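> Sharing final_2.txt (compact mmCIF, C-alpha atoms) below.
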```txt
# COMPACT_ATOMS: atom_id res chain seq x y z
CA MET Q 581 60.51 22.29 -9.01
CA SER Q 582 57.28 20.25 -9.18
CA HIS Q 583 55.63 19.21 -12.39
CA GLN Q 584 51.85 19.19 -12.78
CA ASP Q 585 50.37 15.78 -13.48
CA THR Q 586 48.84 15.94 -16.95
CA SER Q 587 47.75 12.31 -17.15
CA ILE Q 588 44.11 11.73 -18.05
CA PRO Q 589 42.24 10.48 -14.94
CA LEU Q 590 40.43 7.16 -15.13
CA LEU Q 591 36.86 6.88 -13.86
CA LYS Q 592 34.96 3.90 -12.49
CA GLY Q 593 32.80 2.15 -15.06
CA ASN Q 594 29.55 1.76 -13.09
CA ILE Q 595 28.56 5.44 -13.30
CA THR Q 596 25.12 6.42 -14.55
CA ILE Q 597 23.81 9.93 -15.21
CA ALA Q 598 20.19 11.00 -15.57
CA ALA Q 599 18.43 14.36 -15.87
CA TYR Q 600 17.33 15.80 -12.54
CA GLU Q 601 14.04 17.71 -12.35
CA ASP Q 602 14.05 21.04 -10.52
CA ILE Q 603 11.09 23.20 -9.50
CA ASP Q 604 12.50 26.40 -11.01
CA SER Q 605 12.57 26.31 -14.79
CA GLU Q 606 14.98 29.27 -14.76
CA SER Q 607 17.58 27.38 -12.75
CA ALA Q 608 20.55 25.78 -14.48
CA GLN Q 609 19.97 22.20 -15.58
CA GLN Q 610 21.36 19.61 -13.19
CA TYR Q 611 21.97 15.89 -13.52
CA LEU Q 612 21.90 13.08 -10.98
CA LEU Q 613 25.01 10.92 -11.02
CA THR Q 614 24.65 7.48 -9.47
CA LEU Q 615 27.59 5.38 -8.31
CA GLY Q 616 26.52 2.38 -6.26
CA ASP Q 617 24.62 3.77 -3.27
CA ASN Q 618 26.13 7.24 -3.71
CA TYR Q 619 24.37 10.11 -5.49
CA PHE Q 620 25.77 13.43 -6.70
CA LEU Q 621 24.13 16.44 -8.35
CA ILE Q 622 26.33 17.72 -11.18
CA SER Q 623 26.17 20.58 -13.68
CA VAL Q 624 25.90 20.39 -17.47
CA LYS Q 625 29.63 20.96 -17.95
CA ALA Q 626 30.54 18.41 -15.28
CA ARG Q 627 28.29 15.90 -17.06
CA ALA Q 628 30.04 16.60 -20.37
CA LEU Q 629 33.45 16.16 -18.75
CA ILE Q 630 32.47 12.90 -17.05
CA LEU Q 631 30.98 11.47 -20.24
CA ALA Q 632 34.16 12.41 -22.11
CA LEU Q 633 36.33 10.69 -19.49
CA LEU Q 634 34.10 7.60 -19.52
CA ARG Q 635 35.07 7.12 -23.17
CA SER Q 636 38.63 6.50 -21.91
CA PRO Q 637 40.36 8.87 -24.35
CA GLY Q 638 43.90 7.78 -25.07
CA THR Q 639 45.26 11.24 -25.87
CA GLN Q 640 44.65 14.78 -24.81
CA GLN Q 641 43.42 15.65 -28.28
CA GLN Q 642 40.87 12.87 -28.05
CA LEU Q 643 39.75 14.20 -24.64
CA GLU Q 644 39.24 17.66 -26.16
CA SER Q 645 37.21 16.20 -29.02
CA ASP Q 646 35.04 14.03 -26.74
CA PHE Q 647 34.31 16.98 -24.45
CA ALA Q 648 33.49 19.24 -27.41
CA ALA Q 649 31.05 16.60 -28.71
CA GLU Q 650 29.21 16.61 -25.36
CA ALA Q 651 29.45 20.29 -24.38
CA GLY Q 652 29.42 21.99 -27.77
CA MET Q 653 32.56 23.97 -26.93
CA ARG Q 654 36.26 23.27 -27.07
CA VAL Q 655 38.41 23.54 -23.94
CA PRO Q 656 42.16 22.81 -23.69
CA ALA Q 657 42.91 19.33 -22.39
CA ALA Q 658 45.13 20.66 -19.60
CA THR Q 659 42.22 22.73 -18.28
CA LEU Q 660 39.86 19.73 -18.46
CA ILE Q 661 42.32 17.53 -16.55
CA THR Q 662 42.75 20.19 -13.87
CA LEU Q 663 38.97 20.62 -13.55
CA ALA Q 664 38.47 16.87 -13.29
CA LYS Q 665 41.02 16.46 -10.50
CA HIS Q 666 39.89 19.47 -8.49
CA THR Q 667 36.11 19.62 -8.98
CA LEU Q 668 34.81 16.08 -9.55
CA PRO Q 669 33.95 13.94 -6.50
CA PRO Q 670 37.00 11.81 -5.60
CA ALA Q 671 34.80 8.70 -5.38
CA LEU Q 672 34.43 8.74 -9.19
CA PHE Q 673 38.10 7.98 -9.85
CA ARG Q 674 39.10 4.39 -10.43
CA ASP Q 675 41.92 4.38 -7.83
CA THR Q 676 39.73 5.86 -5.06
CA PRO Q 677 37.59 3.59 -2.86
CA LEU Q 678 33.88 4.31 -2.56
CA PRO Q 679 32.95 6.30 0.55
CA LEU Q 680 31.08 4.45 3.24
CA VAL Q 681 27.36 5.23 3.29
CA ARG Q 682 26.83 6.82 6.70
CA LYS Q 683 23.55 6.36 8.48
CA PRO Q 684 22.40 9.21 10.75
CA PHE Q 685 21.99 6.82 13.68
CA ILE Q 686 24.02 6.22 16.80
CA VAL Q 687 23.15 2.52 16.55
CA SER Q 688 20.98 0.72 14.00
CA ALA Q 689 20.04 -2.75 12.85
CA THR Q 690 18.08 -4.17 9.89
CA VAL Q 691 14.82 -5.77 11.02
CA ILE Q 692 13.26 -6.74 7.67
CA ALA Q 693 15.65 -7.77 4.88
CA PRO Q 694 15.18 -6.13 1.44
CA ARG Q 695 13.79 -9.26 -0.24
CA TYR Q 696 11.03 -9.64 2.37
CA ALA Q 697 10.36 -5.90 2.43
CA ALA Q 698 9.93 -6.00 -1.37
CA ARG Q 699 7.16 -8.60 -1.03
CA VAL Q 700 5.33 -6.50 1.54
CA ALA Q 701 5.70 -3.33 -0.55
CA ALA Q 702 4.48 -5.05 -3.70
CA SER Q 703 1.30 -6.21 -1.93
CA LEU Q 704 0.54 -2.67 -0.67
CA ALA Q 705 1.56 -0.51 -3.64
CA TRP Q 706 -2.02 -0.41 -5.02
CA LEU Q 707 -3.01 1.86 -2.12
CA PHE Q 708 -1.21 4.72 -3.90
CA LYS Q 709 -3.55 4.65 -6.88
CA PRO Q 710 -5.34 8.02 -7.08
CA ARG Q 711 -8.76 6.38 -6.89
CA CYS Q 712 -7.74 4.92 -3.51
CA VAL Q 713 -5.87 7.87 -2.03
CA MET Q 714 -8.64 10.47 -2.12
CA PRO Q 715 -11.36 8.38 -0.39
CA ILE Q 716 -8.89 7.14 2.23
CA VAL Q 717 -7.69 10.66 3.08
CA ALA Q 718 -11.27 11.97 3.21
CA LEU Q 719 -12.33 9.10 5.49
CA PHE Q 720 -9.33 9.70 7.76
CA VAL Q 721 -10.06 13.43 8.11
CA LEU Q 722 -13.73 12.74 8.90
CA ILE Q 723 -13.22 10.00 11.49
CA HIS Q 724 -10.11 11.46 13.12
CA ALA Q 725 -11.83 14.82 13.61
CA MET Q 726 -14.45 12.97 15.66
CA VAL Q 727 -11.90 11.11 17.79
CA LEU Q 728 -9.09 13.63 18.33
CA PRO Q 729 -10.82 15.95 20.87
CA ASP Q 730 -11.58 13.04 23.22
CA ALA Q 731 -8.12 11.56 22.54
CA LEU Q 732 -6.43 14.79 23.65
CA HIS Q 733 -8.44 14.71 26.89
CA ILE Q 734 -8.02 11.00 27.70
CA ALA Q 735 -4.29 11.03 26.90
CA HIS Q 736 -3.68 13.11 30.04
CA SER Q 737 -5.47 10.63 32.31
CA ALA Q 738 -3.59 8.01 34.33
CA TRP Q 739 -1.66 5.38 32.35
CA THR Q 740 -1.57 1.96 33.98
CA VAL Q 741 1.34 -0.44 33.46
CA PRO Q 742 -0.68 -2.90 31.29
CA GLN Q 743 -1.99 -0.01 29.19
CA THR Q 744 1.52 1.33 28.71
CA CYS Q 745 2.85 -2.06 27.57
CA ILE Q 746 0.03 -2.46 25.04
CA LEU Q 747 0.45 1.11 23.80
CA VAL Q 748 4.21 0.66 23.31
CA LEU Q 749 3.67 -2.48 21.21
CA LEU Q 750 0.93 -0.91 19.08
CA PHE Q 751 2.91 2.30 18.68
CA LEU Q 752 5.90 0.29 17.44
CA ALA Q 753 3.57 -1.48 15.00
CA SER Q 754 2.38 1.89 13.68
CA GLY Q 755 6.00 2.91 13.14
CA MET Q 756 6.67 -0.26 11.18
CA PHE Q 757 3.56 0.42 9.07
CA HIS Q 758 4.84 3.96 8.47
CA GLU Q 759 8.04 2.61 6.90
CA CYS Q 760 6.04 0.14 4.80
CA GLY Q 761 4.31 3.21 3.35
CA HIS Q 762 7.61 4.62 2.09
CA LEU Q 763 8.54 1.30 0.49
CA ALA Q 764 5.10 0.82 -1.05
CA ALA Q 765 5.34 4.29 -2.63
CA CYS Q 766 8.70 3.34 -4.13
CA ARG Q 767 7.23 0.11 -5.47
CA TYR Q 768 4.27 2.01 -6.96
CA PHE Q 769 6.71 4.12 -9.00
CA ARG Q 770 8.79 1.03 -9.87
CA CYS Q 771 11.76 2.25 -7.89
CA ASP Q 772 14.05 -0.21 -6.09
CA HIS Q 773 14.43 0.06 -2.31
CA GLY Q 774 16.09 -1.63 0.62
CA GLY Q 775 14.80 -3.06 3.86
CA ILE Q 776 13.45 -1.72 7.15
CA GLY Q 777 15.54 -1.15 10.25
CA PHE Q 778 15.45 0.28 13.74
CA GLY Q 779 17.94 2.76 15.19
CA LEU Q 780 18.63 5.61 17.59
CA TYR Q 781 18.56 9.04 15.91
CA LEU Q 782 19.93 11.69 18.31
CA VAL Q 783 17.75 10.87 21.36
CA PHE Q 784 14.86 9.43 19.34
CA PRO Q 785 14.35 5.66 18.81
CA VAL Q 786 13.08 5.43 15.23
CA TRP Q 787 12.23 3.03 12.46
CA TYR Q 788 13.80 3.70 9.08
CA ALA Q 789 13.41 2.45 5.51
CA ASP Q 790 16.11 2.44 2.84
CA VAL Q 791 14.62 4.52 0.01
CA THR Q 792 17.93 5.99 -1.18
CA GLN Q 793 17.18 5.17 -4.81
CA ALA Q 794 14.15 7.45 -4.70
CA TRP Q 795 16.63 10.14 -5.80
CA GLN Q 796 16.12 8.73 -9.29
CA LEU Q 797 12.43 9.61 -9.26
CA GLN Q 798 10.87 12.85 -10.43
CA ARG Q 799 10.34 15.60 -7.90
CA ARG Q 800 6.60 14.99 -7.36
CA GLN Q 801 7.17 11.25 -7.11
CA ARG Q 802 9.81 11.80 -4.43
CA ALA Q 803 7.28 13.96 -2.55
CA VAL Q 804 4.80 11.05 -2.62
CA VAL Q 805 7.50 8.76 -1.20
CA ASP Q 806 8.15 11.34 1.54
CA LEU Q 807 4.44 11.38 2.44
CA GLY Q 808 3.99 7.62 2.08
CA GLY Q 809 4.76 6.93 5.74
CA VAL Q 810 2.28 9.47 7.10
CA TYR Q 811 -0.31 8.24 4.59
CA PHE Q 812 0.02 4.70 5.91
CA GLN Q 813 -0.18 5.93 9.50
CA ALA Q 814 -3.45 7.63 8.51
CA LEU Q 815 -4.64 4.19 7.35
CA PHE Q 816 -3.56 2.76 10.70
CA LEU Q 817 -5.41 5.51 12.55
CA ILE Q 818 -8.64 4.85 10.66
CA ALA Q 819 -8.74 1.38 12.25
CA VAL Q 820 -7.78 2.76 15.68
CA ASP Q 821 -10.39 5.53 15.45
CA VAL Q 822 -13.14 3.07 14.55
CA VAL Q 823 -12.27 0.92 17.58
CA ALA Q 824 -12.25 4.03 19.79
CA LEU Q 825 -15.65 5.20 18.53
CA VAL Q 826 -17.29 1.77 18.75
CA SER Q 827 -15.84 0.52 22.05
CA GLY Q 828 -14.78 3.69 23.87
CA ASN Q 829 -11.58 1.86 24.90
CA PRO Q 830 -9.17 4.38 26.50
CA VAL Q 831 -6.19 2.52 25.02
CA ALA Q 832 -7.52 3.26 21.52
CA PHE Q 833 -7.93 6.97 22.32
CA LYS Q 834 -4.44 7.18 23.82
CA LEU Q 835 -2.97 5.36 20.83
CA ALA Q 836 -4.74 7.79 18.49
CA TRP Q 837 -3.10 10.68 20.35
CA LEU Q 838 0.34 9.04 20.32
CA VAL Q 839 0.27 8.29 16.58
CA THR Q 840 -1.03 11.78 15.80
CA PHE Q 841 1.83 13.30 17.79
CA ALA Q 842 4.31 11.06 15.95
CA MET Q 843 2.89 12.12 12.57
CA LEU Q 844 3.25 15.80 13.44
CA LEU Q 845 6.78 15.22 14.72
CA THR Q 846 7.67 13.41 11.50
CA LEU Q 847 6.32 16.26 9.37
CA ASN Q 848 8.20 19.01 11.20
CA PRO Q 849 11.00 20.33 8.97
CA VAL Q 850 13.55 21.09 11.69
CA PHE Q 851 15.06 17.61 11.89
CA LYS Q 852 15.87 15.51 8.87
CA PHE Q 853 12.61 13.58 9.06
CA ASP Q 854 9.98 13.25 6.34
CA GLY Q 855 8.94 16.90 6.55
CA TYR Q 856 12.50 18.06 5.83
CA TRP Q 857 12.81 15.91 2.71
CA LEU Q 858 9.28 16.82 1.59
CA LEU Q 859 10.08 20.52 1.76
CA SER Q 860 13.40 19.94 0.02
CA ASP Q 861 11.81 17.95 -2.81
CA LEU Q 862 8.93 20.36 -3.32
CA SER Q 863 11.22 23.38 -3.33
CA GLY Q 864 14.08 21.91 -5.33
CA LEU Q 865 16.46 23.19 -2.63
CA HIS Q 866 19.07 20.94 -1.05
CA ASN Q 867 20.78 21.21 2.33
CA LEU Q 868 18.03 23.40 3.74
CA HIS Q 869 19.99 24.16 6.91
CA ARG Q 870 22.79 25.78 4.90
CA GLN Q 871 20.25 27.53 2.67
CA VAL Q 872 18.54 28.99 5.74
CA ARG Q 873 21.85 30.37 7.03
CA GLN Q 874 22.34 32.14 3.70
CA SER Q 875 18.78 33.47 3.81
CA ILE Q 876 19.30 34.89 7.30
CA THR Q 877 22.42 36.66 6.04
CA ILE Q 878 20.43 38.13 3.14
CA LEU Q 879 17.63 39.32 5.44
CA VAL Q 880 20.07 40.89 7.91
CA ALA Q 881 22.00 42.52 5.05
CA ARG Q 882 18.82 44.09 3.72
CA ALA Q 883 17.93 45.36 7.19
CA LEU Q 884 21.39 46.92 7.47
CA ARG Q 885 21.13 48.35 3.93
CA LYS Q 886 24.00 46.23 2.69
CA GLN Q 887 24.51 44.70 -0.72
CA SER Q 888 23.37 41.08 -0.79
CA ALA Q 889 22.55 38.24 -3.12
CA SER Q 890 18.99 37.57 -4.22
CA ARG Q 891 16.96 34.42 -4.71
CA PRO Q 892 14.09 33.54 -7.05
CA PRO Q 893 10.81 34.62 -5.37
CA LEU Q 894 9.48 31.07 -4.96
CA GLN Q 895 12.69 29.81 -3.34
CA ALA Q 896 12.80 32.84 -1.03
CA THR Q 897 9.18 32.25 0.02
CA ILE Q 898 9.83 28.57 0.76
CA LEU Q 899 12.95 29.34 2.80
CA HIS Q 900 11.19 32.06 4.77
CA ALA Q 901 8.31 29.66 5.48
CA TYR Q 902 10.83 27.02 6.58
CA LEU Q 903 12.52 29.51 8.89
CA LEU Q 904 9.15 30.55 10.39
CA LEU Q 905 8.05 26.93 10.90
CA SER Q 906 11.36 26.06 12.52
CA THR Q 907 11.12 29.04 14.87
CA CYS Q 908 7.53 28.19 15.86
CA TYR Q 909 8.49 24.56 16.44
CA PHE Q 910 11.43 25.51 18.65
CA VAL Q 911 9.28 27.90 20.67
CA TYR Q 912 6.63 25.19 21.14
CA ILE Q 913 9.19 22.56 22.19
CA GLY Q 914 10.87 25.03 24.54
CA LEU Q 915 7.59 25.88 26.27
CA PHE Q 916 6.62 22.18 26.43
CA LEU Q 917 9.94 21.19 28.01
CA ALA Q 918 9.83 24.11 30.46
CA ARG Q 919 6.32 23.11 31.56
CA GLU Q 920 7.30 19.44 31.95
CA LEU Q 921 10.47 20.29 33.89
CA SER Q 922 8.45 22.53 36.21
CA SER Q 923 5.82 19.82 36.76
CA THR Q 924 8.51 17.21 37.41
CA ALA Q 925 10.25 19.45 39.92
CA VAL Q 926 6.96 20.09 41.76
CA PHE Q 927 6.17 16.36 41.78
CA PHE Q 928 9.53 15.34 43.22
CA ALA Q 929 9.39 18.16 45.75
CA SER Q 930 6.00 16.87 46.94
CA MET Q 931 7.30 13.33 47.44
CA THR Q 932 8.13 12.88 51.13
CA GLY Q 933 10.56 10.29 52.39
CA ALA Q 934 7.65 8.02 53.26
CA GLY Q 935 6.24 8.46 49.79
CA TRP Q 936 9.50 7.37 48.17
CA GLN Q 937 9.78 4.38 50.48
CA GLU Q 938 6.22 3.33 49.70
CA SER Q 939 6.78 3.65 45.93
CA ILE Q 940 9.83 1.37 45.92
CA SER Q 941 9.04 -1.05 48.75
CA LEU Q 942 8.31 -4.63 47.62
CA ASP Q 943 7.86 -6.19 51.06
CA GLY Q 944 5.03 -8.69 51.30
CA MET Q 945 4.09 -8.48 47.63
CA GLY Q 946 3.43 -11.29 45.19
CA TRP Q 947 5.03 -11.45 41.76
CA ALA Q 948 2.17 -9.62 40.03
CA GLU Q 949 2.05 -6.87 42.66
CA ALA Q 950 5.84 -6.53 42.61
CA ALA Q 951 5.84 -6.21 38.82
CA SER Q 952 3.18 -3.53 39.04
CA ALA Q 953 5.19 -1.67 41.70
CA VAL Q 954 8.37 -1.85 39.61
CA GLY Q 955 6.42 -0.56 36.62
CA HIS Q 956 5.11 2.31 38.71
CA GLY Q 957 8.63 3.14 39.89
CA LEU Q 958 9.96 3.12 36.34
CA ALA Q 959 7.10 5.35 35.24
CA ILE Q 960 8.16 7.83 37.93
CA LEU Q 961 11.81 7.85 36.79
CA VAL Q 962 11.75 7.22 33.04
CA TRP Q 963 9.68 10.24 31.96
CA PRO Q 964 11.83 12.77 33.90
CA PHE Q 965 14.94 11.12 32.46
CA MET Q 966 13.57 11.46 28.92
CA ILE Q 967 12.63 15.11 29.59
CA MET Q 968 16.17 15.80 30.84
CA LEU Q 969 17.71 14.24 27.72
CA ALA Q 970 15.35 16.15 25.46
CA SER Q 971 16.10 19.38 27.32
CA MET Q 972 19.86 18.95 26.92
CA PHE Q 973 19.37 18.24 23.23
CA PHE Q 974 17.10 21.28 22.89
CA LEU Q 975 19.59 23.57 24.63
CA ASN Q 976 22.38 22.32 22.37
CA ARG Q 977 20.26 22.98 19.28
CA LEU Q 978 19.36 26.40 20.64
CA ARG Q 979 23.06 27.13 21.11
CA LEU Q 980 23.77 26.09 17.51
CA GLY Q 981 20.85 28.20 16.27
CA MET Q 982 22.13 31.27 18.10
CA HIS Q 983 25.57 30.63 16.64
CA VAL Q 984 24.06 30.58 13.14
CA ILE Q 985 22.24 33.87 13.78
CA VAL Q 986 25.37 35.56 15.17
CA SER Q 987 27.49 34.27 12.27
CA SER Q 988 24.90 35.49 9.76
CA ILE Q 989 24.86 38.96 11.35
CA ARG Q 990 28.65 39.14 11.28
CA ALA Q 991 28.71 38.02 7.63
CA ALA Q 992 26.08 40.61 6.70
CA ARG Q 993 27.96 43.42 8.46
CA THR Q 994 31.07 42.74 6.35
CA LEU Q 995 29.16 43.32 3.10
CA PRO Q 996 29.59 46.67 1.30
CA PRO Q 997 26.85 49.30 1.68
CA ARG Q 998 24.01 49.26 -0.83
CA ARG Q 999 24.48 51.77 -3.58
CA HIS Q 1000 21.58 54.03 -4.53
CA SER Q 1001 21.20 55.07 -8.15
CA THR Q 1002 20.37 58.69 -8.89
```
Could you take the file, read its structure, and then write that structure out as structure tokens?

Amino acid sequence: MSHQDTSIPLLKGNITIAAYEDIDSESAQQYLLTLGDNYFLISVKARALILALLRSPGTQQQLESDFAAEAGMRVPAATLITLAKHTLPPALFRDTPLPLVRKPFIVSATVIAPRYAARVAASLAWLFKPRCVMPIVALFVLIHAMVLPDALHIAHSAWTVPQTCILVLLFLASGMFHECGHLAACRYFRCDHGGIGFGLYLVFPVWYADVTQAWQLQRRQRAVVDLGGVYFQALFLIAVDVVALVSGNPVAFKLAWLVTFAMLLTLNPVFKFDGYWLLSDLSGLHNLHRQVRQSITILVARALRKQSASRPPLQATILHAYLLLSTCYFVYIGLFLARELSSTAVFFASMTGAGWQESISLDGMGWAEAASAVGHGLAILVWPFMIMLASMFFLNRLRLGMHVIVSSIRAARTLPPRRHST
């Protein structure tokens, strides 16, 4: 016969709890618990229980009294101990090690250490003052509207090897500037942050900035941090657009197209890029992918005239918009990849044996000519390779999406029929 452990659990001492702002005033109050680099959203009762345990009560009666002082209600100590051991995050307990903070990258490395990143952010934070933001955004919209049509046209012209090298370097610089925008936004709101790194996310090489502590900010402030990277890329594009308009340099037009594409990719809410976190912060909804699955179940249940849960109107609207945007994005990417795969297949089919031999032959060439030929050969092979990787990733995501839809339909079909009142 086993005996239930009735000892009062001990919590770590470096726990802080702050009120967490939500968009829906009718939603239950939540609190943000911080433990090192780990953050947890907890309820009012969980907060009361944690605060009672942090007082290190020596007896069960003392635990009951401490909880009643925080929650305004008395609960038996045995119930509180059971709730603590089964509902609180294990990382809070003194005898449990902190979980490792997992980065969503296959490989990653810090490029700018936090202390140097803090200096850069401090020197740029003034750009987030309202009197600076509005003129900068207006100037960007005006100039970029003049450049973008020509940029879209020139981007599809031939790319030479020197142009490609310059574009890669400048594009990397724009990515670094993007991350500086996130850090500068944190600094503007007096929020601590980490450094800047570079990693491989899925099949995408990306820069990243450590803004984990932005969780402590208010909802609108977190949204500004989310948009800080795109805002700084708009600043970068103003300079690029001016060069393009003044000089007509094709590299400037191609760079304007590349950065614009990167900004739109960053703002799409399908992957966990800036657009995902922006939508999450503005809506007050967390784990949007799981929320969307639940919304699909609700929609299917309504179509089948089944009983289903309901959401506040604003949350439902945001989730439906997220689902629509995700669907449109997937359709666009699918059509883009299909077109590129078709073009690649036609190109390779048109290459005769002599054409392949000419493209890779280095006989009689100097170093400069050989380098140019190698660059041309890589250009032939690298883009199809990237398209193949992206296509495999897309098909895998499509498979997962279909699985979510099928699971949602099955879950909706198991619900009881909707009852009609007479």
> Between CA of Pro677 in chain Q and CA of Gly616 in chain Q, what is the spacing in Å?
11.6 Å
> Which one is closest to Ser987 in chain Q: Q:Thr614, Q:Thr659, Q:Gln874, Q:Gln640? Count all atoms listed in the file.
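Checking each candidate against Ser987 in chain Q, we get Q:Gln874 as the closest.
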> Could you work out how far CA of Pro637 in chain Q lies from CA of Thr586 in chain Q, giving the answer in Å with one decimal?
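Going from CA of Thr586 in chain Q over to CA of Pro637 in chain Q, I get 13.3 Å.
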> If you measure from CA of Phe812 in chain Q to CA of Leu722 in chain Q, what distance in Å do you get, rounded to one decimal?
16.2 Å
> Could you pull out every residue with an atom within 10 Å of (35.4, 9.6, -18.4), file coordinates, counting all atoms listed in the file, and send them as number ranges by chain?
Q: 588-593, 595, 627-637, 643, 646-647, 664, 672-673
> Just the selected residues (C-alpha atoms), exported as a PDB file, keeping the file's coordinate frame, please.

```pdb
ATOM      1  CA  ILE Q 588      44.110  11.730 -18.050  1.00  0.00           C
ATOM      2  CA  PRO Q 589      42.240  10.480 -14.940  1.00  0.00           C
ATOM      3  CA  LEU Q 590      40.430   7.160 -15.130  1.00  0.00           C
ATOM      4  CA  LEU Q 591      36.860   6.880 -13.860  1.00  0.00           C
ATOM      5  CA  LYS Q 592      34.960   3.900 -12.490  1.00  0.00           C
ATOM      6  CA  GLY Q 593      32.800   2.150 -15.060  1.00  0.00           C
ATOM      7  CA  ILE Q 595      28.560   5.440 -13.300  1.00  0.00           C
ATOM      8  CA  ARG Q 627      28.290  15.900 -17.060  1.00  0.00           C
ATOM      9  CA  ALA Q 628      30.040  16.600 -20.370  1.00  0.00           C
ATOM     10  CA  LEU Q 629      33.450  16.160 -18.750  1.00  0.00           C
ATOM     11  CA  ILE Q 630      32.470  12.900 -17.050  1.00  0.00           C
ATOM     12  CA  LEU Q 631      30.980  11.470 -20.240  1.00  0.00           C
ATOM     13  CA  ALA Q 632      34.160  12.410 -22.110  1.00  0.00           C
ATOM     14  CA  LEU Q 633      36.330  10.690 -19.490  1.00  0.00           C
ATOM     15  CA  LEU Q 634      34.100   7.600 -19.520  1.00  0.00           C
ATOM     16  CA  ARG Q 635      35.070   7.120 -23.170  1.00  0.00           C
ATOM     17  CA  SER Q 636      38.630   6.500 -21.910  1.00  0.00           C
ATOM     18  CA  PRO Q 637      40.360   8.870 -24.350  1.00  0.00           C
ATOM     19  CA  LEU Q 643      39.750  14.200 -24.640  1.00  0.00           C
ATOM     20  CA  ASP Q 646      35.040  14.030 -26.740  1.00  0.00           C
ATOM     21  CA  PHE Q 647      34.310  16.980 -24.450  1.00  0.00           C
ATOM     22  CA  ALA Q 664      38.470  16.870 -13.290  1.00  0.00           C
ATOM     23  CA  LEU Q 672      34.430   8.740  -9.190  1.00  0.00           C
ATOM     24  CA  PHE Q 673      38.100   7.980  -9.850  1.00  0.00           C
TER      25      PHE Q 673
END
```
> Tell me which of Q:Leu858, Q:Ile898, Q:Ile776, Q:Leu845 sits closest to Ile913 in chain Q, counting only C-alpha atoms.
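Going through Q:Leu858, Q:Ile898, Q:Ile776, Q:Leu845 one by one, the smallest distance to Ile913 in chain Q is for Q:Leu845.
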> Of the candidates Q:Gly855, Q:Ile746, Q:Gly864, Q:Gln813, which shows the shortest atom-to-atom distance to Gln610 in chain Q, using only C-alpha atoms?
Q:Gly864
> Find the spatial neighbours of Met843 in chain Q, counting all atoms listed in the file, within a cut-off of 8 Å - ignore same-chain residues fewer than 4 positions away - and output them as a list in words.
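Those residues are Val810, Gln813, Val839 and Leu847 of chain Q.
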> Measuring between all atoms listed in the file, which one of Q:Leu905, Q:Gln895, Q:Ala883, Q:Val822 shows the shortest distance to Ala725 in chain Q?
Q:Val822
> For His724 in chain Q, which residue out of Q:Tyr619, Q:Phe708, Q:Tyr696, Q:Phe833 is the nearest one, using all atoms listed in the file?
Q:Phe833
> Write out as JSON an axis-aligned box for range 807-816 of chain Q: all of its atoms listed in the file, 3 Å added on each side, centre and edge lengths in Å with one decimal.

```
{"center_x": 0.1, "center_y": 7.1, "center_z": 6.4, "size_x": 15.4, "size_y": 14.6, "size_z": 14.6}
```
> So which one's closest to Phe851 in chain Q, Q:Ala896, Q:Leu915, Q:Ala789, Q:Tyr781? Using all atoms listed in the file, please.
Q:Tyr781
> Write out as a ChimeraX atom specification the residues lying within 9 Å of Leu621 in chain Q, counting only C-alpha atoms and excluding same-chain residues fewer than 5 positions away.
/Q:600,610-613
> Set the distance at 7 Å and use all atoms listed in the file: which residues neighbour Gly809 in chain Q once local chain neighbours fewer than 5 positions away are removed? I'd like the list as a ChimeraX atom specification.
/Q:758-762
> I want to know what sits within 12 Å of Val727 in chain Q, based on all atoms listed in the file, with residues of the same chain fewer than 6 positions away left out; could you give that as a list in words?
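That gives Phe720, Val721, His733, Ile734, Ala735, Leu817, Ile818, Ala819, Val820, Asp821, Val822, Val823, Ala824, Leu825, Val826, Gly828, Asn829, Pro830, Ala832, Phe833, Lys834, Leu835, Ala836, Trp837 and Thr840 of chain Q.
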> Could you add N, CA and C atoms to range 967-974 of chain Q and give me the result as a PDB file, keeping the file's coordinate frame?

```pdb
ATOM      1  N   ILE Q 967      12.764  13.649  29.664  1.00  0.00           N
ATOM      2  CA  ILE Q 967      12.630  15.110  29.590  1.00  0.00           C
ATOM      3  C   ILE Q 967      13.995  15.770  29.755  1.00  0.00           C
ATOM      4  N   MET Q 968      14.829  15.237  30.646  1.00  0.00           N
ATOM      5  CA  MET Q 968      16.170  15.800  30.840  1.00  0.00           C
ATOM      6  C   MET Q 968      17.010  15.636  29.583  1.00  0.00           C
ATOM      7  N   LEU Q 969      16.958  14.454  28.968  1.00  0.00           N
ATOM      8  CA  LEU Q 969      17.710  14.240  27.720  1.00  0.00           C
ATOM      9  C   LEU Q 969      17.226  15.181  26.627  1.00  0.00           C
ATOM     10  N   ALA Q 970      15.906  15.269  26.483  1.00  0.00           N
ATOM     11  CA  ALA Q 970      15.350  16.150  25.460  1.00  0.00           C
ATOM     12  C   ALA Q 970      15.719  17.599  25.718  1.00  0.00           C
ATOM     13  N   SER Q 971      15.760  18.000  26.994  1.00  0.00           N
ATOM     14  CA  SER Q 971      16.100  19.380  27.320  1.00  0.00           C
ATOM     15  C   SER Q 971      17.553  19.686  26.984  1.00  0.00           C
ATOM     16  N   MET Q 972      18.452  18.737  27.274  1.00  0.00           N
ATOM     17  CA  MET Q 972      19.860  18.950  26.920  1.00  0.00           C
ATOM     18  C   MET Q 972      20.024  19.047  25.410  1.00  0.00           C
ATOM     19  N   PHE Q 973      19.311  18.190  24.685  1.00  0.00           N
ATOM     20  CA  PHE Q 973      19.370  18.240  23.230  1.00  0.00           C
ATOM     21  C   PHE Q 973      18.809  19.572  22.719  1.00  0.00           C
ATOM     22  N   PHE Q 974      17.703  20.007  23.308  1.00  0.00           N
ATOM     23  CA  PHE Q 974      17.100  21.280  22.890  1.00  0.00           C
ATOM     24  C   PHE Q 974      18.043  22.444  23.140  1.00  0.00           C
TER      25      PHE Q 974
END
```
